[in-house]
Every structure is written in structure tokens, then in C-alpha cells.
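Student: Sharing entry_24.csv here; it has CSV, C-alpha atoms.
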chain,number,residue,atom,x,y,z
A,1,MET,CA,-41.4,13.9,12.1
A,2,THR,CA,-38.6,11.8,13.5
A,3,PHE,CA,-36.8,9.0,11.6
A,4,LYS,CA,-35.5,5.9,13.1
A,5,ILE,CA,-32.0,5.1,11.7
A,6,LEU,CA,-29.5,2.4,12.2
A,7,ALA,CA,-25.8,3.5,11.9
A,8,ILE,CA,-23.1,1.0,11.2
A,9,ASN,CA,-19.3,1.5,11.5
A,10,PRO,CA,-17.1,-1.6,10.9
A,11,GLY,CA,-13.5,-1.3,12.1
A,12,SER,CA,-10.6,-3.7,11.6
A,13,THR,CA,-11.3,-5.6,14.8
A,14,SER,CA,-14.6,-4.1,15.9
A,15,THR,CA,-18.2,-3.3,14.8
A,16,LYS,CA,-20.0,-0.2,16.2
A,17,ILE,CA,-23.7,0.2,15.8
A,18,ALA,CA,-26.3,2.7,17.0
A,19,VAL,CA,-30.0,3.3,16.6
A,20,TYR,CA,-31.3,6.9,16.6
A,21,GLU,CA,-34.7,8.4,16.6
A,22,GLY,CA,-34.0,11.8,15.1
A,23,ASP,CA,-31.0,13.1,17.0
A,24,LYS,CA,-31.8,11.0,20.1
A,25,LEU,CA,-29.6,8.0,20.7
A,26,MET,CA,-31.8,4.9,21.5
A,27,PHE,CA,-29.1,2.2,21.6
A,28,GLU,CA,-25.4,1.9,21.0
A,29,LYS,CA,-23.0,-1.0,21.1
A,30,THR,CA,-19.3,-1.6,20.3
A,31,ALA,CA,-18.2,-5.2,19.9
A,32,SER,CA,-14.6,-6.3,19.6
A,33,HIS,CA,-13.9,-9.2,17.3
A,34,SER,CA,-11.1,-11.5,18.5
A,35,THR,CA,-8.3,-12.6,16.3
A,36,GLU,CA,-9.7,-16.2,16.5
A,37,ALA,CA,-13.1,-15.0,15.3
A,38,LEU,CA,-11.7,-13.2,12.2
A,39,ALA,CA,-9.0,-15.8,11.5
A,40,PRO,CA,-11.1,-17.9,9.0
A,41,PHE,CA,-11.5,-14.9,6.7
A,42,GLU,CA,-8.7,-14.2,4.3
A,43,THR,CA,-10.2,-10.9,3.1
A,44,VAL,CA,-12.4,-8.2,4.5
A,45,ILE,CA,-15.2,-9.0,2.1
A,46,GLU,CA,-15.4,-12.6,3.4
A,47,GLN,CA,-16.4,-11.1,6.8
A,48,TYR,CA,-19.7,-9.8,5.3
A,49,ASP,CA,-22.0,-12.6,6.5
A,50,TYR,CA,-20.3,-12.8,9.9
A,51,ARG,CA,-20.7,-9.1,10.6
A,52,THR,CA,-24.2,-8.9,9.2
A,53,GLU,CA,-25.4,-11.7,11.4
A,54,PHE,CA,-23.7,-10.1,14.4
A,55,ILE,CA,-25.7,-6.9,13.9
A,56,LYS,CA,-29.0,-8.7,13.4
A,57,GLU,CA,-28.5,-10.8,16.5
A,58,THR,CA,-27.4,-7.8,18.6
A,59,LEU,CA,-30.4,-5.8,17.7
A,60,ALA,CA,-32.8,-8.8,18.2
A,61,ALA,CA,-31.3,-9.3,21.7
A,62,GLU,CA,-32.3,-5.6,22.5
A,63,ASN,CA,-35.8,-6.1,21.0
A,64,ILE,CA,-35.1,-3.6,18.2
A,65,THR,CA,-36.8,-4.8,15.1
A,66,LEU,CA,-35.3,-4.0,11.8
A,67,GLU,CA,-38.8,-3.6,10.4
A,68,SER,CA,-39.1,-0.5,12.6
A,69,LEU,CA,-36.3,1.3,10.9
A,70,ASP,CA,-36.8,4.1,8.4
A,71,ALA,CA,-33.2,4.0,7.0
A,72,VAL,CA,-29.8,2.5,7.5
A,73,VAL,CA,-26.4,4.3,7.1
A,74,GLY,CA,-23.0,2.7,6.9
A,75,ARG,CA,-19.4,4.0,7.2
A,76,GLY,CA,-18.2,4.8,3.7
A,77,GLY,CA,-15.2,2.8,2.5
A,78,LEU,CA,-12.4,3.2,-0.1
A,79,LEU,CA,-14.1,4.4,-3.2
A,80,ALA,CA,-13.3,6.6,-6.2
A,81,PRO,CA,-12.7,10.2,-5.2
A,82,LEU,CA,-16.0,12.0,-4.5
A,83,GLU,CA,-17.5,15.3,-3.2
A,84,SER,CA,-18.7,15.6,0.4
A,85,GLY,CA,-22.2,14.6,1.2
A,86,THR,CA,-24.6,11.7,1.9
A,87,TYR,CA,-24.7,9.1,-0.9
A,88,ARG,CA,-27.4,6.6,-1.6
A,89,VAL,CA,-25.9,3.1,-1.8
A,90,ASN,CA,-26.1,1.9,-5.5
A,91,GLU,CA,-24.9,-0.9,-7.6
A,92,GLN,CA,-21.7,0.9,-8.8
A,93,MET,CA,-20.7,1.5,-5.2
A,94,LEU,CA,-21.3,-2.1,-4.3
A,95,HIS,CA,-19.4,-3.3,-7.3
A,96,ASP,CA,-16.3,-1.2,-6.4
A,97,LEU,CA,-16.4,-2.2,-2.7
A,98,ARG,CA,-16.8,-5.9,-3.4
A,99,GLY,CA,-13.8,-5.9,-5.7
A,100,ALA,CA,-11.8,-3.6,-3.4
A,101,LEU,CA,-11.0,-1.6,-6.6
A,102,TYR,CA,-9.7,1.4,-4.5
A,103,GLY,CA,-8.3,-0.6,-1.6
A,104,GLU,CA,-9.3,-3.0,1.1
A,105,HIS,CA,-10.5,-1.8,4.5
A,106,ALA,CA,-13.0,-2.9,7.0
A,107,SER,CA,-15.0,0.3,6.4
A,108,ASN,CA,-15.8,-1.2,2.9
A,109,LEU,CA,-18.3,-3.4,4.7
A,110,GLY,CA,-20.4,-0.5,5.9
A,111,ALA,CA,-22.3,0.1,2.6
A,112,LEU,CA,-22.5,-3.6,1.9
A,113,ILE,CA,-24.2,-4.4,5.2
A,114,ALA,CA,-26.4,-1.4,4.9
A,115,ASN,CA,-27.5,-2.5,1.5
A,116,ARG,CA,-28.4,-6.0,2.8
A,117,ILE,CA,-30.7,-4.5,5.4
A,118,SER,CA,-32.1,-2.1,2.9
A,119,GLU,CA,-33.0,-5.0,0.6
A,120,LEU,CA,-34.6,-7.1,3.3
A,121,TYR,CA,-36.7,-4.3,4.8
A,122,GLY,CA,-37.3,-2.0,1.9
A,123,ILE,CA,-35.7,1.1,3.4
A,124,PRO,CA,-33.0,3.4,1.9
A,125,ALA,CA,-29.3,2.8,2.6
A,126,PHE,CA,-26.7,5.6,2.7
A,127,ILE,CA,-23.1,6.3,3.4
A,128,VAL,CA,-21.7,9.7,4.5
A,129,ASP,CA,-18.4,11.5,3.8
A,130,PRO,CA,-16.0,8.6,3.3
A,131,VAL,CA,-12.2,9.1,3.6
A,132,VAL,CA,-11.9,9.7,-0.1
A,133,VAL,CA,-13.9,13.0,-0.1
A,134,ASP,CA,-12.0,15.0,-2.7
A,135,GLU,CA,-12.5,18.8,-3.0
A,136,LEU,CA,-8.9,19.8,-3.6
A,137,GLN,CA,-8.2,22.8,-5.8
A,138,ALA,CA,-6.2,22.1,-8.9
A,139,ILE,CA,-3.0,23.7,-7.6
A,140,ALA,CA,-3.0,21.5,-4.5
A,141,ARG,CA,-2.8,18.3,-6.6
A,142,ILE,CA,0.7,19.2,-7.9
A,143,SER,CA,3.3,17.1,-6.0
A,144,GLY,CA,6.5,18.2,-7.6
A,145,ASN,CA,6.8,15.1,-9.9
A,146,LYS,CA,4.5,14.7,-12.9
A,147,ALA,CA,4.2,10.9,-12.2
A,148,ILE,CA,2.7,11.5,-8.8
A,149,GLU,CA,-0.5,13.5,-8.0
A,150,ARG,CA,-1.4,14.5,-4.4
A,151,LYS,CA,-4.5,12.7,-3.2
A,152,SER,CA,-7.2,13.6,-0.8
A,153,ILE,CA,-7.5,10.9,1.9
A,154,PHE,CA,-8.4,12.2,5.3
A,155,HIS,CA,-10.9,12.0,8.2
A,156,ALA,CA,-13.7,13.7,6.2
A,157,LEU,CA,-16.6,12.5,8.3
A,158,ASN,CA,-15.2,14.0,11.5
A,159,HIS,CA,-13.8,17.1,9.8
A,160,LYS,CA,-17.2,18.0,8.3
A,161,SER,CA,-19.1,17.1,11.5
A,162,ALA,CA,-16.9,19.1,13.7
A,163,GLY,CA,-17.1,22.1,11.3
A,164,ARG,CA,-20.9,21.9,11.4
A,165,LYS,CA,-21.1,21.6,15.2
A,166,VAL,CA,-18.8,24.6,15.8
A,167,ALA,CA,-20.6,26.8,13.2
A,168,ALA,CA,-24.0,25.9,14.7
A,169,LYS,CA,-22.8,26.9,18.2
A,170,LYS,CA,-21.8,30.3,16.8
A,171,GLY,CA,-25.1,30.8,14.9
A,172,TYR,CA,-24.1,30.4,11.3
A,173,ARG,CA,-23.5,27.7,8.7
A,174,TYR,CA,-20.3,25.7,8.3
A,175,ASP,CA,-20.1,26.8,4.6
A,176,GLU,CA,-20.3,30.5,5.4
A,177,ARG,CA,-16.8,30.7,6.9
A,178,ASN,CA,-13.2,29.6,6.4
A,179,TRP,CA,-11.8,27.1,8.8
A,180,ILE,CA,-8.7,25.1,9.5
A,181,ILE,CA,-9.7,21.8,11.0
A,182,ALA,CA,-7.2,19.4,12.5
A,183,HIS,CA,-8.3,15.8,13.3
A,184,LEU,CA,-5.9,14.5,16.0
A,185,GLY,CA,-6.2,10.7,16.3
A,186,GLY,CA,-4.3,7.6,15.4
A,187,GLY,CA,-3.9,9.4,12.1
A,188,ILE,CA,-3.7,13.2,11.8
A,189,SER,CA,-5.2,15.3,9.0
A,190,VAL,CA,-5.2,19.1,8.8
A,191,GLY,CA,-7.4,20.7,6.2
A,192,ALA,CA,-8.1,24.1,4.8
A,193,HIS,CA,-11.9,24.5,4.6
A,194,GLN,CA,-12.9,27.3,2.3
A,195,GLN,CA,-16.7,28.1,2.3
A,196,GLY,CA,-17.5,24.4,2.9
A,197,LYS,CA,-14.9,22.9,0.6
A,198,VAL,CA,-11.6,21.2,1.8
A,199,ILE,CA,-9.4,22.8,-0.8
A,200,ASP,CA,-6.2,21.3,0.6
A,201,VAL,CA,-5.4,18.6,3.2
A,202,ASN,CA,-2.6,16.3,3.9
A,203,ASN,CA,-2.9,12.6,2.9
A,204,ALA,CA,-3.4,11.2,6.4
A,205,LEU,CA,-3.0,7.6,5.3
A,206,ASP,CA,-0.2,7.3,2.7
A,207,GLY,CA,2.6,9.5,4.2
A,208,ASP,CA,2.0,13.2,4.2
A,209,GLY,CA,1.8,16.0,6.8
A,210,PRO,CA,2.5,15.6,10.5
A,211,PHE,CA,3.5,12.3,12.1
A,212,SER,CA,0.9,10.8,14.4
A,213,PRO,CA,0.7,8.1,17.1
A,214,GLU,CA,1.1,5.3,14.5
A,215,ARG,CA,1.9,6.9,11.1
A,216,SER,CA,5.2,8.4,9.9
A,217,GLY,CA,3.7,11.3,8.0
A,218,GLY,CA,6.0,13.1,5.6
A,219,LEU,CA,9.6,11.8,5.7
A,220,PRO,CA,12.9,12.9,4.1
A,221,LEU,CA,12.6,11.1,0.7
A,222,GLN,CA,16.2,10.2,0.0
A,223,GLN,CA,16.8,8.7,3.4
A,224,THR,CA,13.5,6.9,3.3
A,225,LEU,CA,14.4,5.3,0.0
A,226,ALA,CA,17.8,4.3,1.4
A,227,TYR,CA,16.3,2.7,4.5
A,228,SER,CA,13.8,0.8,2.4
A,229,GLN,CA,16.6,-1.2,0.9
A,230,GLU,CA,18.1,-2.2,4.2
A,231,GLU,CA,17.8,-5.8,5.3
A,232,ARG,CA,16.0,-5.0,8.5
A,233,TRP,CA,13.3,-3.2,6.6
A,234,GLN,CA,13.1,-5.8,3.9
A,235,LYS,CA,12.1,-8.5,6.5
A,236,ASN,CA,8.8,-6.6,7.2
A,237,PRO,CA,6.4,-5.0,4.8
A,238,PHE,CA,7.9,-1.5,4.3
A,239,TYR,CA,4.4,0.1,4.2
A,240,ARG,CA,3.7,-1.3,7.6
A,241,GLN,CA,6.7,0.5,9.0
A,242,LEU,CA,5.2,3.7,7.9
A,243,VAL,CA,1.5,3.1,8.6
A,244,GLY,CA,0.8,1.2,11.8
A,245,LYS,CA,4.3,1.0,13.1
A,246,GLY,CA,5.4,4.5,12.3
A,247,GLY,CA,5.1,7.8,14.2
A,248,VAL,CA,5.1,7.8,18.0
A,249,VAL,CA,5.1,4.0,18.2
A,250,SER,CA,8.4,3.8,16.3
A,251,TYR,CA,10.0,6.0,18.9
A,252,LEU,CA,8.3,4.9,22.1
A,253,GLU,CA,6.8,1.5,21.3
A,254,THR,CA,3.3,2.7,22.2
A,255,ASN,CA,0.5,4.5,20.2
A,256,ASP,CA,-1.4,5.3,23.4
A,257,MET,CA,-0.9,9.0,24.0
A,258,ARG,CA,-2.1,8.7,27.6
A,259,THR,CA,0.9,6.4,28.2
A,260,VAL,CA,3.1,8.9,26.5
A,261,GLU,CA,1.9,11.8,28.6
A,262,ALA,CA,2.5,9.6,31.7
A,263,MET,CA,6.1,9.0,30.5
A,264,VAL,CA,6.6,12.7,30.0
A,265,ALA,CA,5.3,13.4,33.6
A,266,ASP,CA,7.8,10.8,34.9
A,267,GLY,CA,10.6,12.7,33.3
A,268,ASN,CA,11.2,10.7,30.2
A,269,THR,CA,13.2,13.1,28.0
A,270,GLU,CA,12.7,11.1,24.8
A,271,ALA,CA,8.9,11.0,25.3
A,272,LYS,CA,8.9,14.7,26.0
A,273,ILE,CA,10.6,15.7,22.7
A,274,VAL,CA,8.5,13.2,20.6
A,275,PHE,CA,5.3,14.6,22.2
A,276,GLU,CA,6.4,18.1,21.6
A,277,ALA,CA,7.6,17.3,18.1
A,278,MET,CA,4.2,16.0,17.1
A,279,ALA,CA,2.5,19.2,18.3
A,280,TYR,CA,5.2,21.2,16.5
A,281,GLN,CA,4.5,19.4,13.2
A,282,VAL,CA,0.7,19.8,13.6
A,283,SER,CA,1.3,23.5,14.2
A,284,LYS,CA,3.4,23.8,11.1
A,285,GLU,CA,0.7,22.1,9.0
A,286,ILE,CA,-1.9,24.5,10.4
A,287,GLY,CA,0.3,27.4,9.5
A,288,ALA,CA,0.6,26.0,5.9
A,289,CYS,CA,-3.2,25.9,5.7
A,290,ALA,CA,-3.4,29.5,6.8
A,291,ALA,CA,-1.3,30.4,3.8
A,292,VAL,CA,-3.6,28.4,1.6
A,293,LEU,CA,-6.5,30.5,2.8
A,294,ASN,CA,-4.5,33.7,2.3
A,295,GLY,CA,-4.7,34.3,6.1
A,296,GLU,CA,-8.5,34.6,5.9
A,297,VAL,CA,-9.3,32.2,8.7
A,298,ASP,CA,-12.4,32.5,10.9
A,299,GLY,CA,-11.4,29.7,13.3
A,300,ILE,CA,-9.0,26.8,13.9
A,301,ILE,CA,-10.8,23.6,15.2
A,302,LEU,CA,-8.9,20.9,17.0
A,303,THR,CA,-10.9,17.7,17.1
A,304,GLY,CA,-10.4,13.9,17.4
A,305,GLY,CA,-9.3,11.9,20.5
A,306,LEU,CA,-6.1,13.8,21.1
A,307,ALA,CA,-8.0,17.1,21.3
A,308,ASN,CA,-9.0,15.8,24.8
A,309,SER,CA,-5.3,16.3,25.9
A,310,ALA,CA,-5.0,19.7,27.5
A,311,SER,CA,-1.2,19.5,27.4
A,312,PHE,CA,-1.1,18.7,23.6
A,313,THR,CA,-3.7,21.3,22.6
A,314,GLN,CA,-1.9,23.9,24.7
A,315,LEU,CA,1.3,23.2,22.8
A,316,VAL,CA,-0.4,23.6,19.5
A,317,SER,CA,-2.5,26.6,20.5
A,318,ARG,CA,0.5,28.6,21.7
A,319,LYS,CA,2.0,28.4,18.2
A,320,ILE,CA,-1.1,29.1,16.1
A,321,GLN,CA,-3.5,31.2,18.2
A,322,TRP,CA,-2.2,34.4,16.4
A,323,ILE,CA,-3.8,33.1,13.2
A,324,ALA,CA,-7.4,32.8,14.4
A,325,PRO,CA,-9.3,31.7,17.5
A,326,VAL,CA,-8.6,28.1,18.5
A,327,ILE,CA,-11.7,26.1,19.2
A,328,LEU,CA,-11.7,22.6,20.8
A,329,GLU,CA,-14.2,20.1,19.6
A,330,PRO,CA,-12.7,16.9,21.1
A,331,GLY,CA,-13.5,13.3,20.3
A,332,GLU,CA,-15.1,11.9,17.2
A,333,ASP,CA,-18.6,10.5,17.2
A,334,GLU,CA,-18.7,8.8,13.9
A,335,LEU,CA,-22.0,7.0,14.5
A,336,LEU,CA,-23.7,10.3,15.3
A,337,ALA,CA,-22.1,11.9,12.2
A,338,LEU,CA,-23.5,9.1,10.1
A,339,ASN,CA,-26.9,9.5,11.6
A,340,GLU,CA,-26.9,13.3,11.0
A,341,GLY,CA,-26.0,12.9,7.4
A,342,ALA,CA,-28.8,10.4,6.8
A,343,GLN,CA,-31.3,12.5,8.8
A,344,ARG,CA,-30.5,15.6,6.6
A,345,VAL,CA,-31.5,13.6,3.5
A,346,MET,CA,-34.6,12.0,5.1
A,347,HIS,CA,-35.8,15.5,6.2
A,348,GLY,CA,-35.2,17.0,2.7
A,349,GLU,CA,-32.4,19.3,4.0
A,350,GLU,CA,-29.9,17.7,1.6
A,351,GLU,CA,-30.3,15.8,-1.6
A,352,ALA,CA,-28.8,12.3,-1.7
A,353,ARG,CA,-25.9,12.1,-4.1
A,354,GLN,CA,-25.3,9.4,-6.6
A,355,TYR,CA,-22.0,7.5,-6.7
A,356,ARG,CA,-20.7,6.9,-10.3
A,357,GLY,CA,-17.3,5.5,-9.7
A,358,GLY,CA,-14.4,7.5,-11.1
A,359,VAL,CA,-16.6,10.7,-11.2
A,360,THR,CA,-16.1,13.2,-8.4
A,361,ASN,CA,-19.1,15.4,-8.7
A,362,GLY,CA,-21.6,12.9,-7.3
A,363,LYS,CA,-24.6,14.9,-8.5
Just give me the structure as C-alpha cells.
Tutor:
Amino acid sequence: MTFKILAINPGSTSTKIAVYEGDKLMFEKTASHSTEALAPFETVIEQYDYRTEFIKETLAAENITLESLDAVVGRGGLLAPLESGTYRVNEQMLHDLRGALYGEHASNLGALIANRISELYGIPAFIVDPVVVDELQAIARISGNKAIERKSIFHALNHKSAGRKVAAKKGYRYDERNWIIAHLGGGISVGAHQQGKVIDVNNALDGDGPFSPERSGGLPLQQTLAYSQEERWQKNPFYRQLVGKGGVVSYLETNDMRTVEAMVADGNTEAKIVFEAMAYQVSKEIGACAAVLNGEVDGIILTGGLANSASFTQLVSRKIQWIAPVILEPGEDELLALNEGAQRVMHGEEEARQYRGGVTNGK
């Protein structure tokens, strides 16, 4: 039996939707929302009606009836830490997202819109592997200062999806092996996957691990504190200088790595060293994860948009291929990953978890 599922992925200035029958893509659309269209909304939650109507109108224009759907799945937003898996949308989840209790982000709308369609058409609504998936071992939470605990915030959806894809190609399950998986995109996260659990990973959002096209990653603390007091940093939100305006864009005024590669090819020496430095830092993080796994690594998976860059992946591979085989799984198909999570539940291959808010086990 095949199930027809609508997948929804709201971004800060875009909405991506797709309809699948089983694993077959029937329809996909990405719509960009202009600054003018979003200007009337002061908060993300205020965009709820606007985005919901956009999805309904888009599907109607394609003669896709919502009554024909078997389930709907949305991108998971900022919630309480939870274990990996597919979660049924429930009232606690909706409450936490409406109030932005754990932070405000466009992905918070995924579960809310999915729930609206669920209520209208009597079908189940899910989310899959949000960025707050937390499977850290206890020792990985220690930061070095008792007042601050290391957090798990990373590209969980693509990490898990890439791990499953590679394992399937090799004829075994993702949770039967140890992996190091590096998501290489606008943000970069490198995780130690031990038998299906991400026992350590850099916080890819709040300043940890390698720098990325638009995030500063880990910085020398004393110098960062000193710079934060300077007038030129005071004029702009300090956090914005680290996330969004940090990383490659702070050096080269672009976050487009294709542009950076072209600059390198044209002989730009600053672009060359920044490009190589990012690969260097990714390689160091992979090496650290190898230590976490006691050297017992079955494969290193490079995924995300930057994994399409042969020059970047070669720089990384040269430094870490001695650890374990390097496997490229480029790109990130978040809509497909959402569909796969929902399909596993619908087919009874996985039990839907229950979100409780502030409880990580989800069972």
C-alpha cells in the first residue's frame, strides 16, 4: 500500500512543499516570499494564515485535493530537546511553538500548518528530526564552566537521512555502524554517530565547531568578549555578527561558495586561504569525532550543499581519509527526508513518538 503525503518546509523567506505517493515525488514547489509580502508580520507566528493559504492555493492550482492525502508532515521547529524520530503533532508541541518557548524560527510554522490541515481533513500530522534532536552522552555536555552546558543543535534531519541512505546502499542499517557525518551548508555540523545515536556534535547555530559560509563557529573567547564591547560591534546586534554575518561572509562579503571558488580560481589569495581554512577546521572537527568514537569509525559521510564541491571535499578527504572511508552524499533533500519519516510510521516500520516538552525520551 502506498500513502499520499504532503511535506511542508517553511524557511525564513520561502515555503517548500511536495506531495509524494510512497517514495515517488508527484509534485514539488518552492516559493520565495518577498520582503514586501512578509513586512506586515512582526513575528513568525503571524505568518501562519498567510503561509497556510499559500499552500492550499498552490495545491488547488495543481488540482491536488487535500482530501486525497493520507498524512501531512512539517519541518520540526525549535522545541525542547528530544530524541531522533518521527513525532505526532500534539497540543504540547503546538503550545511551545506558538509561544516560541525555545526560540523563534520559520520552521516553527511546519507543525502548526500541518496541524491545521490535519484538523480540516482528519489525517495524521507529523514532524521529523528537528534541529533540537539531543542524543548527547553525558560527558559531551560538559563545557568547562558549570554555568554553561553544551547543547545539541544541528542539522539532524539531513544527518539521519544521509546516514540511512549510505547504510542502505551498503546493505545494512544505519544503526548497525559508527559514522562521522558532516553536514556542509550555510551552517556546518559534524557529528559522531554511534549505533544510531549522535553522541557528540558541535552546536551549529550558537557558535561552536568549524566556521561556515555565514557562521563564525568557535572563536577565541577573550578576544570575542573584547570585540563585543567595541563601538562598531555595539551598533549592530552582536549575535548577528556571529550568525548570518560571520564565517566566510565576514572575510569575503559573500556566503556563496561558488563565488568563493571562482575567486580562488582567479588567483585571490585571501579567498584561497579562507576556503582552505574552512576545510581545515572541518577536518579537525572530524578528527575530534574520531576520538569520541575511540577510532571505531565505519565511514565518514560528507553531505549538504558544499559536498557538491569537488575541490572542498578533496581538501577535507586528504586530511581525514586515514580514519575511515570517505563517502559523498551531496545535497540535502529535506522534503524527501520528511516524507520518508512519515512513511515509516504509516507503514508501521517505526512508532510515532509523543512530544512532552522538556522531556527528551519522546516515548
Student: Which residue gives the smallest distance to Arg164 (chain A) among A:Phe41, A:Ile181, A:Ile148, A:Ser309, with all atoms listed in the file counted?
Tutor: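 The answer is A:Ile181, which sits nearest to Arg164 (chain A).
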Student: Given all atoms listed in the file as the basis, pick out the residue of A:Asn90, A:Thr30, A:Thr303, A:Asn308 nearest to Ala114 (chain A).
Tutor: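 Under the stated criterion, the closest residue is A:Asn90.
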Student: Need the shell around Thr313 (chain A): protein/DNA/RNA residues with any atom at most 9 Å away, counting all atoms listed in the file. Skip same-chain ones fewer than 5 positions apart. Format as a PyMOL selection string?
Tutor: chain A and resi 279+302+306-308+318+328
Student: Nearest to Thr13 (chain A) among A:Ser107, A:Gln321, A:Ser84, A:Gln194, with distances taken over only C-alpha atoms: which residue is it?
Tutor: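 The answer is A:Ser107, which sits nearest to Thr13 (chain A).
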Student: So which one's closest to Tyr87 (chain A), A:Tyr174, A:Tyr239, A:Phe275, A:Phe126? Using all atoms listed in the file, please.
Tutor: A:Phe126
Student: Out of A:Glu340, A:Gly11, A:Gly76, A:Glu276, which residue has the shortest atom-to-atom distance to Ala162 (chain A) when counting only C-alpha atoms?
Tutor: A:Glu340
